[in-house]
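What follows is the content of my_file.tsv, which has TSV, C-alpha atoms:
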chain	number	residue	atom	x	y	z
A	1	MET	CA	199.82	-51.24	-28.65
A	2	ASN	CA	198.17	-48.49	-26.60
A	3	GLY	CA	195.43	-48.23	-29.22
A	4	LYS	CA	194.68	-51.94	-28.94
A	5	ARG	CA	194.50	-51.70	-25.15
A	6	ALA	CA	192.14	-48.72	-25.33
A	7	ALA	CA	189.95	-50.56	-27.84
A	8	GLY	CA	189.97	-53.62	-25.59
A	9	ARG	CA	188.88	-51.57	-22.57
A	10	LYS	CA	186.06	-49.96	-24.55
A	11	LEU	CA	184.91	-53.39	-25.72
A	12	ASN	CA	184.94	-54.68	-22.13
A	13	ILE	CA	182.85	-51.70	-21.01
A	14	LEU	CA	180.41	-52.29	-23.87
A	15	PHE	CA	179.92	-55.95	-22.98
A	16	SER	CA	179.59	-55.09	-19.27
A	17	VAL	CA	176.85	-52.56	-20.01
A	18	ALA	CA	175.12	-55.08	-22.25
A	19	ALA	CA	175.24	-57.70	-19.50
A	20	VAL	CA	173.77	-55.27	-16.97
A	21	LEU	CA	170.95	-54.38	-19.37
A	22	VAL	CA	170.19	-58.06	-19.93
A	23	MET	CA	170.03	-58.73	-16.17
A	24	TRP	CA	167.82	-55.69	-15.70
A	25	GLY	CA	165.53	-56.92	-18.48
A	26	VAL	CA	165.28	-60.36	-16.88
A	27	TRP	CA	164.36	-58.70	-13.59
A	28	LEU	CA	161.59	-56.62	-15.21
A	29	ILE	CA	160.22	-59.63	-17.06
A	30	ALA	CA	160.31	-61.83	-13.95
A	31	HIS	CA	158.46	-59.17	-11.92
A	32	ALA	CA	155.82	-58.83	-14.64
A	33	VAL	CA	155.33	-62.61	-14.79
A	34	VAL	CA	155.30	-63.31	-11.04
A	35	GLN	CA	153.39	-60.17	-10.00
A	36	ASN	CA	154.18	-60.73	-6.34
A	37	GLU	CA	156.12	-58.06	-4.41
A	38	TYR	CA	157.00	-60.59	-1.70
A	39	ILE	CA	158.91	-62.69	-4.23
A	40	ILE	CA	160.34	-60.23	-6.78
A	41	PRO	CA	159.97	-56.52	-6.00
A	42	SER	CA	159.49	-53.91	-8.68
A	43	PHE	CA	162.42	-51.83	-9.87
A	44	ALA	CA	160.74	-48.63	-8.65
A	45	ASP	CA	160.18	-49.99	-5.13
A	46	THR	CA	163.78	-51.16	-5.02
A	47	LEU	CA	165.03	-47.69	-5.98
A	48	ARG	CA	162.87	-46.11	-3.26
A	49	SER	CA	164.23	-48.57	-0.72
A	50	MET	CA	167.77	-47.85	-1.90
A	51	ARG	CA	167.28	-44.13	-1.32
A	52	GLU	CA	166.01	-44.86	2.19
A	53	VAL	CA	168.96	-47.14	2.90
A	54	LEU	CA	171.50	-44.61	1.65
A	55	SER	CA	169.98	-41.88	3.85
A	56	ASP	CA	170.12	-44.08	6.96
A	57	ALA	CA	173.15	-43.50	9.22
A	58	TYR	CA	172.84	-47.04	10.60
A	59	PHE	CA	173.45	-48.48	7.13
A	60	TRP	CA	176.67	-46.50	6.68
A	61	THR	CA	177.91	-47.59	10.11
A	62	SER	CA	177.11	-51.20	9.25
A	63	TYR	CA	178.67	-50.80	5.80
A	64	GLY	CA	181.87	-49.45	7.33
A	65	TYR	CA	182.16	-52.35	9.78
A	66	THR	CA	181.52	-54.87	7.01
A	67	MET	CA	184.15	-53.34	4.75
A	68	LEU	CA	186.60	-53.27	7.66
A	69	ARG	CA	186.06	-56.98	8.30
A	70	ALA	CA	186.39	-57.79	4.60
A	71	VAL	CA	189.62	-55.80	4.20
A	72	GLU	CA	191.02	-57.22	7.43
A	73	GLY	CA	190.38	-60.82	6.36
A	74	TRP	CA	191.75	-60.11	2.87
A	75	ALA	CA	194.90	-58.41	4.20
A	76	ILE	CA	195.66	-61.16	6.73
A	77	ALA	CA	195.16	-63.80	4.03
A	78	PHE	CA	197.46	-61.92	1.64
A	79	VAL	CA	200.26	-61.43	4.18
A	80	CYS	CA	200.12	-65.07	5.28
A	81	ALA	CA	200.04	-66.20	1.66
A	82	VAL	CA	203.14	-64.10	0.89
A	83	LEU	CA	205.07	-65.67	3.76
A	84	PHE	CA	203.99	-69.27	3.18
A	85	SER	CA	204.27	-69.16	-0.61
A	86	ALA	CA	207.80	-67.72	-0.31
A	87	LEU	CA	208.80	-70.63	1.92
A	88	ALA	CA	207.11	-73.08	-0.45
A	89	ALA	CA	208.94	-71.55	-3.42
A	90	VAL	CA	212.39	-72.06	-1.89
A	91	SER	CA	211.76	-75.36	-0.11
A	92	ASP	CA	209.98	-78.46	-1.42
A	93	ALA	CA	209.68	-79.74	2.16
A	94	CYS	CA	207.75	-76.61	3.18
A	95	ARG	CA	205.54	-76.88	0.10
A	96	ARG	CA	204.66	-80.51	0.88
A	97	PHE	CA	203.94	-79.58	4.50
A	98	PHE	CA	201.73	-76.61	3.60
A	99	ASP	CA	199.74	-78.29	0.82
A	100	PRO	CA	197.47	-80.39	3.12
A	101	PHE	CA	196.57	-77.31	5.18
A	102	VAL	CA	195.76	-75.33	2.05
A	103	SER	CA	193.63	-78.19	0.75
A	104	VAL	CA	191.67	-78.31	4.02
A	105	PHE	CA	191.08	-74.54	3.96
A	106	ARG	CA	189.97	-74.78	0.33
A	107	THR	CA	187.41	-77.57	0.87
A	108	VAL	CA	186.00	-76.85	4.34
A	109	PRO	CA	182.28	-75.90	4.13
A	110	THR	CA	181.73	-72.22	4.86
A	111	MET	CA	178.55	-72.78	6.86
A	112	ALA	CA	180.12	-75.47	9.03
A	113	ILE	CA	183.20	-73.43	9.88
A	114	THR	CA	181.06	-70.34	10.58
A	115	LEU	CA	178.89	-72.25	13.04
A	116	MET	CA	181.99	-73.60	14.77
A	117	LEU	CA	183.55	-70.16	14.96
A	118	LEU	CA	180.39	-68.76	16.54
A	119	ILE	CA	180.96	-71.16	19.43
A	120	TRP	CA	184.68	-70.44	19.67
A	121	THR	CA	184.68	-66.69	18.98
A	122	SER	CA	182.01	-64.00	18.51
A	123	PRO	CA	179.69	-62.82	15.70
A	124	ARG	CA	182.04	-59.89	15.04
A	125	VAL	CA	185.22	-61.98	14.79
A	126	ALA	CA	183.81	-65.00	12.93
A	127	PRO	CA	183.32	-63.18	9.56
A	128	VAL	CA	186.97	-62.06	9.56
A	129	ILE	CA	188.22	-65.61	10.15
A	130	VAL	CA	185.85	-67.05	7.54
A	131	THR	CA	187.05	-64.46	5.01
A	132	PHE	CA	190.65	-65.37	5.79
A	133	LEU	CA	189.99	-69.09	5.40
A	134	MET	CA	188.33	-68.51	2.02
A	135	LEU	CA	190.91	-66.06	0.64
A	136	PHE	CA	194.11	-67.66	1.93
A	137	PRO	CA	194.10	-70.74	-0.38
A	138	ILE	CA	193.34	-68.55	-3.39
A	139	SER	CA	196.05	-66.00	-2.57
A	140	TYR	CA	198.52	-68.78	-1.75
A	141	ALA	CA	197.96	-70.46	-5.12
A	142	GLN	CA	198.26	-67.16	-6.99
A	143	LEU	CA	201.47	-66.18	-5.20
A	144	THR	CA	203.01	-69.61	-5.66
A	145	ALA	CA	202.28	-69.40	-9.39
A	146	ALA	CA	203.76	-65.88	-9.44
A	147	TYR	CA	206.98	-67.07	-7.83
A	148	ARG	CA	207.22	-69.91	-10.32
A	149	SER	CA	206.57	-67.58	-13.24
A	150	VAL	CA	209.82	-65.69	-12.63
A	151	ASP	CA	212.21	-66.59	-15.45
A	152	PRO	CA	214.82	-69.00	-13.96
A	153	LYS	CA	217.37	-67.82	-16.53
A	154	LEU	CA	217.20	-64.32	-15.09
A	155	ILE	CA	217.72	-65.66	-11.58
A	156	GLU	CA	220.64	-67.79	-12.73
A	157	MET	CA	222.19	-64.85	-14.57
A	158	ALA	CA	221.82	-62.65	-11.50
A	159	GLN	CA	223.61	-65.28	-9.43
A	160	VAL	CA	226.41	-65.62	-11.95
A	161	TYR	CA	227.00	-61.87	-12.09
A	162	ARG	CA	226.51	-61.56	-8.31
A	163	VAL	CA	223.71	-59.05	-8.55
A	164	ARG	CA	222.87	-57.63	-5.15
A	165	ALA	CA	219.75	-58.97	-3.43
A	166	ARG	CA	218.13	-55.53	-3.48
A	167	GLU	CA	218.58	-55.25	-7.25
A	168	ARG	CA	217.24	-58.78	-7.77
A	169	ILE	CA	214.11	-57.89	-5.86
A	170	LEU	CA	213.56	-54.55	-7.61
A	171	ARG	CA	214.53	-55.55	-11.16
A	172	ILE	CA	213.60	-59.25	-11.39
A	173	TYR	CA	211.11	-60.51	-8.82
A	174	ILE	CA	208.84	-57.51	-8.30
A	175	PRO	CA	208.44	-56.45	-11.98
A	176	GLN	CA	207.58	-60.01	-13.03
A	177	MET	CA	205.30	-60.79	-10.06
A	178	LEU	CA	203.35	-57.57	-9.66
A	179	PRO	CA	201.23	-57.82	-12.84
A	180	SER	CA	200.03	-61.27	-11.82
A	181	LEU	CA	199.31	-60.19	-8.24
A	182	PHE	CA	197.61	-56.89	-9.07
A	183	SER	CA	195.42	-58.51	-11.71
A	184	GLN	CA	193.90	-60.61	-8.91
A	185	ALA	CA	193.82	-57.95	-6.17
A	186	GLY	CA	190.45	-56.51	-7.23
A	187	PRO	CA	188.62	-59.82	-7.70
A	188	ASN	CA	190.03	-61.14	-4.40
A	189	LEU	CA	188.95	-58.08	-2.42
A	190	SER	CA	185.53	-58.18	-4.10
A	191	LEU	CA	185.25	-61.85	-3.13
A	192	SER	CA	186.25	-61.02	0.45
A	193	VAL	CA	183.31	-58.58	0.67
A	194	LYS	CA	180.96	-61.29	-0.57
A	195	VAL	CA	182.31	-63.85	1.91
A	196	ALA	CA	182.25	-61.40	4.82
A	197	VAL	CA	178.61	-60.46	4.16
A	198	SER	CA	177.61	-64.14	3.88
A	199	ALA	CA	179.38	-64.93	7.15
A	200	GLU	CA	177.65	-61.98	8.83
A	201	VAL	CA	174.26	-63.32	7.73
A	202	LEU	CA	175.02	-66.72	9.23
A	203	SER	CA	176.50	-65.14	12.37
A	204	PHE	CA	173.68	-62.61	12.91
A	205	THR	CA	176.41	-60.00	13.30
A	206	PHE	CA	175.18	-56.74	14.84
A	207	GLN	CA	175.84	-53.53	12.86
A	208	SER	CA	176.74	-55.22	9.59
A	209	VAL	CA	175.44	-55.42	6.05
A	210	GLY	CA	174.80	-59.11	6.63
A	211	GLY	CA	172.70	-58.23	9.67
A	212	ILE	CA	170.64	-55.79	7.59
A	213	LEU	CA	170.07	-58.48	4.96
A	214	GLN	CA	169.08	-60.98	7.66
A	215	GLN	CA	166.60	-58.52	9.17
A	216	ALA	CA	165.11	-57.72	5.75
A	217	SER	CA	164.69	-61.45	5.12
A	218	VAL	CA	162.94	-61.99	8.47
A	219	TYR	CA	160.46	-59.19	7.73
A	220	THR	CA	160.15	-60.22	4.06
A	221	ASP	CA	161.24	-56.76	3.00
A	222	MET	CA	162.22	-57.76	-0.53
A	223	PRO	CA	162.80	-54.21	-1.86
A	224	GLN	CA	165.35	-53.58	0.89
A	225	LEU	CA	166.88	-57.01	0.35
A	226	PHE	CA	167.33	-56.29	-3.35
A	227	ALA	CA	168.52	-52.72	-2.69
A	228	VAL	CA	171.27	-53.70	-0.25
A	229	THR	CA	172.33	-56.59	-2.48
A	230	ILE	CA	172.67	-54.24	-5.46
A	231	LEU	CA	174.70	-51.78	-3.37
A	232	MET	CA	177.13	-54.54	-2.42
A	233	LEU	CA	177.36	-55.63	-6.06
A	234	ILE	CA	178.24	-52.06	-6.98
A	235	THR	CA	180.83	-52.02	-4.20
A	236	GLY	CA	182.47	-55.15	-5.59
A	237	GLY	CA	182.50	-53.69	-9.09
A	238	VAL	CA	184.05	-50.42	-7.89
A	239	LEU	CA	186.75	-52.29	-5.98
A	240	GLU	CA	187.65	-54.39	-9.00
A	241	PHE	CA	187.77	-51.32	-11.25
A	242	ALA	CA	189.81	-49.26	-8.78
A	243	LEU	CA	192.37	-51.97	-8.08
A	244	GLY	CA	192.50	-52.81	-11.78
A	245	SER	CA	194.29	-49.49	-12.27
A	246	LEU	CA	197.22	-51.00	-10.37
A	247	LEU	CA	198.02	-53.01	-13.49
A	248	ARG	CA	198.50	-49.83	-15.53
A	249	ILE	CA	200.72	-48.36	-12.81
A	250	THR	CA	202.75	-51.58	-12.78
A	251	ASP	CA	203.20	-51.51	-16.55
A	252	ARG	CA	204.50	-47.95	-16.46
A	253	TRP	CA	206.83	-48.74	-13.55
A	254	THR	CA	208.16	-51.83	-15.32
A	255	ARG	CA	208.73	-49.95	-18.58
A	256	GLY	CA	210.50	-47.20	-16.63
A	257	ARG	CA	212.80	-49.74	-15.02
A	258	GLY	CA	213.52	-51.27	-18.42
A	259	LYS	CA	214.50	-47.88	-19.87
A	260	GLU	CA	216.83	-47.24	-16.91
A	261	GLY	CA	218.47	-50.60	-17.44
A	262	ALA	CA	218.90	-49.84	-21.15
Kindly return the structure encoded in the file as structure tokens.
Amino acid sequence: MNGKRAAGRKLNILFSVAAVLVMWGVWLIAHAVVQNEYIIPSFADTLRSMREVLSDAYFWTSYGYTMLRAVEGWAIAFVCAVLFSALAAVSDACRRFFDPFVSVFRTVPTMAITLMLLIWTSPRVAPVIVTFLMLFPISYAQLTAAYRSVDPKLIEMAQVYRVRARERILRIYIPQMLPSLFSQAGPNLSLSVKVAVSAEVLSFTFQSVGGILQQASVYTDMPQLFAVTILMLITGGVLEFALGSLLRITDRWTRGRGKEGA
């Protein structure tokens, strides 16, 4: 089993590298065809701009604020989703009441809500709220599915044998829910970074990655635009990879619990 998982991970890495090489090749070909630095910059100019960006203290300050907003919006969305999905799981009335709100959050246009929030709040607060509104419906749906995925026979058996609530949580709910939740933690946090940066661009947020992108666009600094975009893509990939390790930790913890029970 472990051999198959290792082989699967190697295969995923191989395909990921192949995809990156293909995208890089498309970039080089497009630059050679267009031959216009104001439309598609060269790879060398982008690397030079990336070195300049990484050596600039203002970028790291802006990067830190952007990541803080992204994590804040993601965390608030996750906590709210936990609370509301728990109520929806135990009460059909709550689920029916929450569903219209979730549908509205899921379908509301990002640009429209950002413009409204700029009037109601500030350019620093708006990206956090936009990130929350985008992530909450996704987290809510994932958590609701996780609650429903818990084997009802196990719950019924625990009730029959009067298993304590603490043991139900530790041995039934958490082991069965965590793999599903952790598998989505990385992609959700990566998405929150993307949404936060987009909201910062629309909000003209000062000291933010979105603000840097907006400024580069105004001055038609395409190498910097590409460089910062690539850095944020790398950030998203690192977050997904790092949080993906939570699945392996969960598997070990679950197997350890199973051996204790045996």
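Using all atoms listed in the file, the set of residues no farther than 8 Å from the position (184.9, -63.1, 9.9) comprises Arg69, Ala70, Gly73, Pro123, Arg124, Val125, Ala126, Pro127, Val128, Ile129, Val130, Thr131, Phe132, Ala196, Ala199 and Glu200 of chain A.
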Mind writing the picked residues with C-alpha atoms as a CSV table (one decimal), in the coordinates of the input?
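Here's the written file result-v1.csv:
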chain,number,residue,atom,x,y,z
A,69,ARG,CA,186.1,-57.0,8.3
A,70,ALA,CA,186.4,-57.8,4.6
A,73,GLY,CA,190.4,-60.8,6.4
A,123,PRO,CA,179.7,-62.8,15.7
A,124,ARG,CA,182.0,-59.9,15.0
A,125,VAL,CA,185.2,-62.0,14.8
A,126,ALA,CA,183.8,-65.0,12.9
A,127,PRO,CA,183.3,-63.2,9.6
A,128,VAL,CA,187.0,-62.1,9.6
A,129,ILE,CA,188.2,-65.6,10.2
A,130,VAL,CA,185.8,-67.0,7.5
A,131,THR,CA,187.0,-64.5,5.0
A,132,PHE,CA,190.6,-65.4,5.8
A,196,ALA,CA,182.2,-61.4,4.8
A,199,ALA,CA,179.4,-64.9,7.2
A,200,GLU,CA,177.6,-62.0,8.8
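Here the question is which of A:Trp74, A:Ser203, A:Ala141, A:Ile230 gets nearest to Ala112 of chain A using all atoms listed in the file, and that residue is A:Ser203.
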Would you give the centre and edge lengths, in Å to one decimal, of a box along x, y and z around the listed atoms of segment 20-26 of chain A, with 4 Å added to each side, as lines of an AutoDock Vina configuration file?
center_x = 169.5
center_y = -57.4
center_z = -17.8
size_x = 16.5
size_y = 14.0
size_z = 12.2
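Here atom CA of Pro137 of chain A and atom CA of Leu233 of chain A stand 23.3 Å from one another.
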Q | Long-range neighbours of segment 95-111 of chain A as an MDAnalysis selection string, 6 Å cut-off, only C-alpha atoms, 3 positions minimum in chain | A | chainID A and resid 88 92 114 133 137
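Those residues positioned at most 8 Å from (188.9, -57.0, -4.9) are A:Gln184, A:Ala185, A:Gly186, A:Pro187, A:Asn188, A:Leu189, A:Ser190, A:Leu191, A:Ser192, A:Gly236, A:Leu239, A:Glu240, A:Leu243, judged using all atoms listed in the file.
With all atoms listed in the file as the atoms that count, the residue of A:Thr229, A:Thr61, A:Ser122, A:Asn12 with the shortest distance to Phe204 of chain A is A:Ser122.
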Q | Selected residue of minimal separation from Ser42 of chain A among A:Val20, A:Ile113, A:Leu54, A:Val26, counting all atoms listed in the file | A | A:Val26
Q) Of the candidates A:Leu154, A:Leu135, A:Val201, A:Leu225, which shows the shortest atom-to-atom distance to Glu72 of chain A, using all atoms listed in the file? A) A:Leu135
Q) A:Ala57, A:Ala75, A:Met67, A:Ala44: which is nearest Ser208 of chain A, counting only C-alpha atoms? A) A:Met67
Q.
I want to know what sits within 6 Å of Ser85 of chain A, based on all atoms listed in the file, with residues of the same chain fewer than 3 positions away left out; could you give that as a ChimeraX atom specification?
A. /A:81-82,88-89,140,144
(Q) Rounded to one decimal, what separation in Å do you get between atom CA of Ser217 of chain A and atom CA of Leu68 of chain A? (A) 23.5 Å
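Atom CA of Met50 of chain A sits 8.1 Å away from atom CA of Leu231 of chain A.
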Q | Non-local contacts of Ala146 of chain A (8 Å; only C-alpha atoms; under 2 positions in same chain excluded) as a list in words | A | Gln142, Leu143, Thr144, Arg148, Ser149, Val150, Gln176, Met177, Ser180 and Leu181 of chain A
Missing atoms in segment 120-147 of chain A need filling: write out N, CA and C atoms for it as a compact mmCIF listing (two decimals), keeping the file's coordinate frame.
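selection_22.txt written:
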# COMPACT_ATOMS: atom_id res chain seq x y z
N TRP A 120 183.33 -70.72 19.18
CA TRP A 120 184.68 -70.44 19.67
C TRP A 120 184.99 -68.96 19.80
N THR A 121 184.35 -68.11 18.97
CA THR A 121 184.68 -66.69 18.98
C THR A 121 183.41 -65.87 19.21
N SER A 122 183.18 -64.86 18.38
CA SER A 122 182.01 -64.00 18.51
C SER A 122 181.48 -63.66 17.12
N PRO A 123 180.24 -63.17 17.02
CA PRO A 123 179.69 -62.82 15.70
C PRO A 123 180.48 -61.73 14.98
N ARG A 124 181.25 -60.93 15.69
CA ARG A 124 182.04 -59.89 15.04
C ARG A 124 183.37 -60.42 14.51
N VAL A 125 183.91 -61.43 15.18
CA VAL A 125 185.22 -61.98 14.79
C VAL A 125 185.07 -63.07 13.74
N ALA A 126 184.00 -63.86 13.83
CA ALA A 126 183.81 -65.00 12.93
C ALA A 126 183.88 -64.62 11.45
N PRO A 127 183.23 -63.52 10.99
CA PRO A 127 183.32 -63.18 9.56
C PRO A 127 184.75 -62.91 9.09
N VAL A 128 185.58 -62.33 9.94
CA VAL A 128 186.97 -62.06 9.56
C VAL A 128 187.71 -63.37 9.35
N ILE A 129 187.53 -64.31 10.26
CA ILE A 129 188.22 -65.61 10.15
C ILE A 129 187.72 -66.38 8.94
N VAL A 130 186.41 -66.35 8.70
CA VAL A 130 185.85 -67.05 7.54
C VAL A 130 186.40 -66.45 6.25
N THR A 131 186.48 -65.12 6.19
CA THR A 131 187.05 -64.46 5.01
C THR A 131 188.49 -64.88 4.81
N PHE A 132 189.26 -64.92 5.88
CA PHE A 132 190.65 -65.37 5.79
C PHE A 132 190.74 -66.79 5.26
N LEU A 133 189.93 -67.68 5.81
CA LEU A 133 189.99 -69.09 5.40
C LEU A 133 189.60 -69.28 3.93
N MET A 134 188.72 -68.42 3.42
CA MET A 134 188.33 -68.51 2.02
C MET A 134 189.37 -67.91 1.09
N LEU A 135 189.99 -66.79 1.52
CA LEU A 135 190.91 -66.06 0.64
C LEU A 135 192.33 -66.62 0.68
N PHE A 136 192.72 -67.20 1.81
CA PHE A 136 194.11 -67.66 1.93
C PHE A 136 194.49 -68.70 0.87
N PRO A 137 193.70 -69.76 0.65
CA PRO A 137 194.10 -70.74 -0.38
C PRO A 137 194.20 -70.13 -1.77
N ILE A 138 193.30 -69.19 -2.08
CA ILE A 138 193.34 -68.55 -3.39
C ILE A 138 194.59 -67.69 -3.54
N SER A 139 194.87 -66.87 -2.52
CA SER A 139 196.05 -66.00 -2.57
C SER A 139 197.33 -66.83 -2.58
N TYR A 140 197.34 -67.91 -1.82
CA TYR A 140 198.52 -68.78 -1.75
C TYR A 140 198.81 -69.38 -3.13
N ALA A 141 197.77 -69.87 -3.79
CA ALA A 141 197.96 -70.46 -5.12
C ALA A 141 198.43 -69.42 -6.13
N GLN A 142 197.86 -68.22 -6.06
CA GLN A 142 198.26 -67.16 -6.99
C GLN A 142 199.71 -66.73 -6.77
N LEU A 143 200.11 -66.60 -5.51
CA LEU A 143 201.47 -66.18 -5.20
C LEU A 143 202.48 -67.26 -5.55
N THR A 144 202.12 -68.51 -5.30
CA THR A 144 203.01 -69.61 -5.66
C THR A 144 203.22 -69.64 -7.17
N ALA A 145 202.15 -69.44 -7.93
CA ALA A 145 202.28 -69.40 -9.39
C ALA A 145 203.12 -68.20 -9.82
N ALA A 146 202.98 -67.07 -9.10
CA ALA A 146 203.76 -65.88 -9.44
C ALA A 146 205.25 -66.11 -9.21
N TYR A 147 205.58 -66.76 -8.10
CA TYR A 147 206.98 -67.07 -7.83
C TYR A 147 207.54 -67.98 -8.92
